[in-house]
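Enquirer: My questions all concern the structure below.
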Amino acid sequence: MSTEPLISQDWHFAIWSIMFGLAALAFWTDTTKLGRNVSGVAITLAASMVLSNLNIIPQSAPAYDLVWSYLVPLAVPLLLFKADMRRVIPETKGMFIAFIFGTIGTLIGSLLGFWLLPLGEQANNLAGVFSATYIGGSMNMVAVAKAVEIDSSLISASVAADNVIGVIYLALLAMMPALSFLRRWLPSPIIERSEQQAEGVIAHTAKSVNFNLLHISFALTLGLFICAISYAIAEKVGLGHFSILFITAITVVIANLFPKQLAKLEGDYDIGLLLMYLFFVVVGASADIAKMIDSALIIVLFAGIIVTCHMLVIFIGSRIFKLDLAEVIIASNACVLGPPTAAALAAGKRWNDLVTPAIMLGIFGYVIANFLGVTLASVLH
C-alpha cells in the first residue's frame, strides 16, 4: 500500500479547495443545531484529521506552511481592529487567574506522570519538555528540548504525541460551551450574550451582506503593513519568534488611537475569521495518529496525564474564584496550545473581547514556559 496521500502535497489548488471547503463546513455547521451543540471548530478539526489520517490529504504541504507563516499573522490585526481596551481589560481580568491555575495544573501533571510512569533515563527531560509545551505551546517544546539536550528519537515521539493530544483537547474545549453541567458549574454571561446574538448573526449571514471592497482592501493593506513593521522590529531586536506579540501590540495601539475610524470598517473581522478557520483545518490535518502510536504510547499517556491535571486544576480553581466559563476555556487554550489557537477559538465562538487577552496570555506563556520547563528538568535530574 502506497504511503503517498491520494492528494499530493504539490496539488496546491486541490489542497486549497479542500481547506476552504472544510472552512465552509465549519461556518455552515455553526448555523445549525449540531453546530451549537458540538461547534463547527470541533467538526472541522475532526474532519481534517480524519482526511489526513486516511491518507486522502497530506499531513504536511506548502499550503499549510503558507497558512502558518502568512495567513495566521494577517488574521491577528483583522480580528483586533475593533479591540477597545477600555472594555477588554476590566472584562477579562479573570483570564489571568485561570491561566495561573492552568500553569499549576500542568506542573502537577508533569510531576505526577514523572512519578507514575516508566519514562526511562530521560524522564526528567521529558517532564521539562512537556511542562513547557503545555504552559506556552509547541514552540516551547523545541526550545526546551534543545536546552536539555533530549534524545532526537524522543523529540519525534513527543511531537507526534503533542499534535494528537493537542487536537483532541482543542476539540474538547470547543465543545465545552454546549455541556449543560459545565455551564451550571461555571456560569458564563459571555456565552449567554453570544448565544443571544447567534440568531441575529445567522439571519444577517442569510441576507445580502454589504461586502464593501474598499473597506476590505483597506483592512488588508493596514493588516499587512502592521505585519511587515512588526516582523521587521522583532527581527531587529532579536525576538523573531515573538513577532505575534509585536503584531498584537501595534494593532491594539492603532485600534485605540483611531477607534471611530476602524469601527466603520465592514468585513475585516469576517475575513480574519475565515483565515483562522483555515488554520483549524491545518491543525487537524497535521495530527499524525499512526506516528503517535508507532513512536511511544507511554509518552502519549504522559501527555494525557498532564493535560488532564491541567484541566482539573484550572476548572476547579476557576470554580472557587467564580470565573466565567468562556474565559476559562480560552485561558486553558492559551496555556496548553498557545496564542494562535486561543485567538482563533475565541473568534470562532464570537467571544470578540477575548481575542486580545487570548493572544497576550499565550505570549505570557511563551515567556515563562522555557524557564519553568528547564528548571523542572534540572530539579528532577
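Naming scheme: A, B, ... for chains in displayed order of the C-alpha cells; residues 1 onward per chain; ligands 1 onward as shown.
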As a PyMOL selection string, please: every residue in region 75-259 of chain A that DSSP puts in helix (DSSP H, G or I).
Expert: chain A and resi 75-80+85-91+94-116+123-136+138-148+152-178+180-185+189-206+213-236+240-257+259
Enquirer: Quick one: distance from CA of Leu186 (chain A) to CA of Phe321 (chain A) in Å, one decimal?
Expert: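 Separation of CA of Leu186 (chain A) and CA of Phe321 (chain A): 9.9 Å.
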Enquirer: Which polymer residues have any atom within 12 Å of an atom of Ile155 (chain A), counting only C-alpha atoms, with same-chain residues fewer than 3 positions away left out, as a count of residues only?
Expert: 26
Enquirer: Which distance in Å separates CA of Glu121 (chain A) and CA of Gly137 (chain A), to one decimal?
Expert: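 It comes out at 24.4 Å.
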Enquirer: Could you list, as a PyMOL selection string, every residue within 8 Å of Ile216 (chain A), counting only C-alpha atoms and ignoring same-chain residues fewer than 4 positions away?
Expert: chain A and resi 211-212+220+265-268
Enquirer: Excluding Ile244 (chain A) and its own-chain neighbours fewer than 3 positions away, which residues fall within 10 Å of it when counting only C-alpha atoms? Please give them as a PyMOL selection string.
Expert: chain A and resi 72-74+76-77+227+230-231+234+240-241+247-250+339-340+359-360+363
Enquirer: Could you give me, as a list in words, the residues within 7 Å of Leu275 (chain A), counting only C-alpha atoms and dropping anything in the same chain fewer than 2 positions from it?
Expert: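 Surrounding residues, per the criterion: Leu71, Val72, Ala75, Ile271, Gly272, Leu273, Tyr277, Leu278 and Phe279 of chain A.
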Enquirer: Those residues with C-alpha atoms, as a CSV table (one decimal), in the first residue's frame please?
Expert:
```csv
chain,number,residue,atom,x,y,z
A,71,LEU,CA,-2.4,34.0,7.0
A,72,VAL,CA,-2.4,33.5,10.8
A,75,ALA,CA,-5.6,37.3,10.8
A,271,ILE,CA,-12.0,37.9,6.7
A,272,GLY,CA,-9.9,37.3,9.8
A,273,LEU,CA,-12.3,34.7,11.0
A,277,TYR,CA,-10.8,28.6,10.2
A,278,LEU,CA,-8.2,27.7,7.6
A,279,PHE,CA,-5.8,27.5,10.4
```
Enquirer: Pick the closest to Ala303 (chain A) from A:His381, A:Ile7, A:Trp185, A:Val336: which is it, counting only C-alpha atoms?
Expert: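 That would be A:Val336, the residue with the smallest distance to Ala303 (chain A).
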Enquirer: Could you please determine the separation between CA of Val283 (chain A) and CA of Leu172 (chain A) in Å, to one decimal place?
Expert: 14.3 Å
Enquirer: Identify which of the residues A:Ser131, A:Met95, A:Leu22, A:Arg350 lies closest to Val50 (chain A), counting only C-alpha atoms when measuring atom-to-atom distances.
Expert: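 Looking only at the distances to Val50 (chain A), the closest residue turns out to be A:Leu22.
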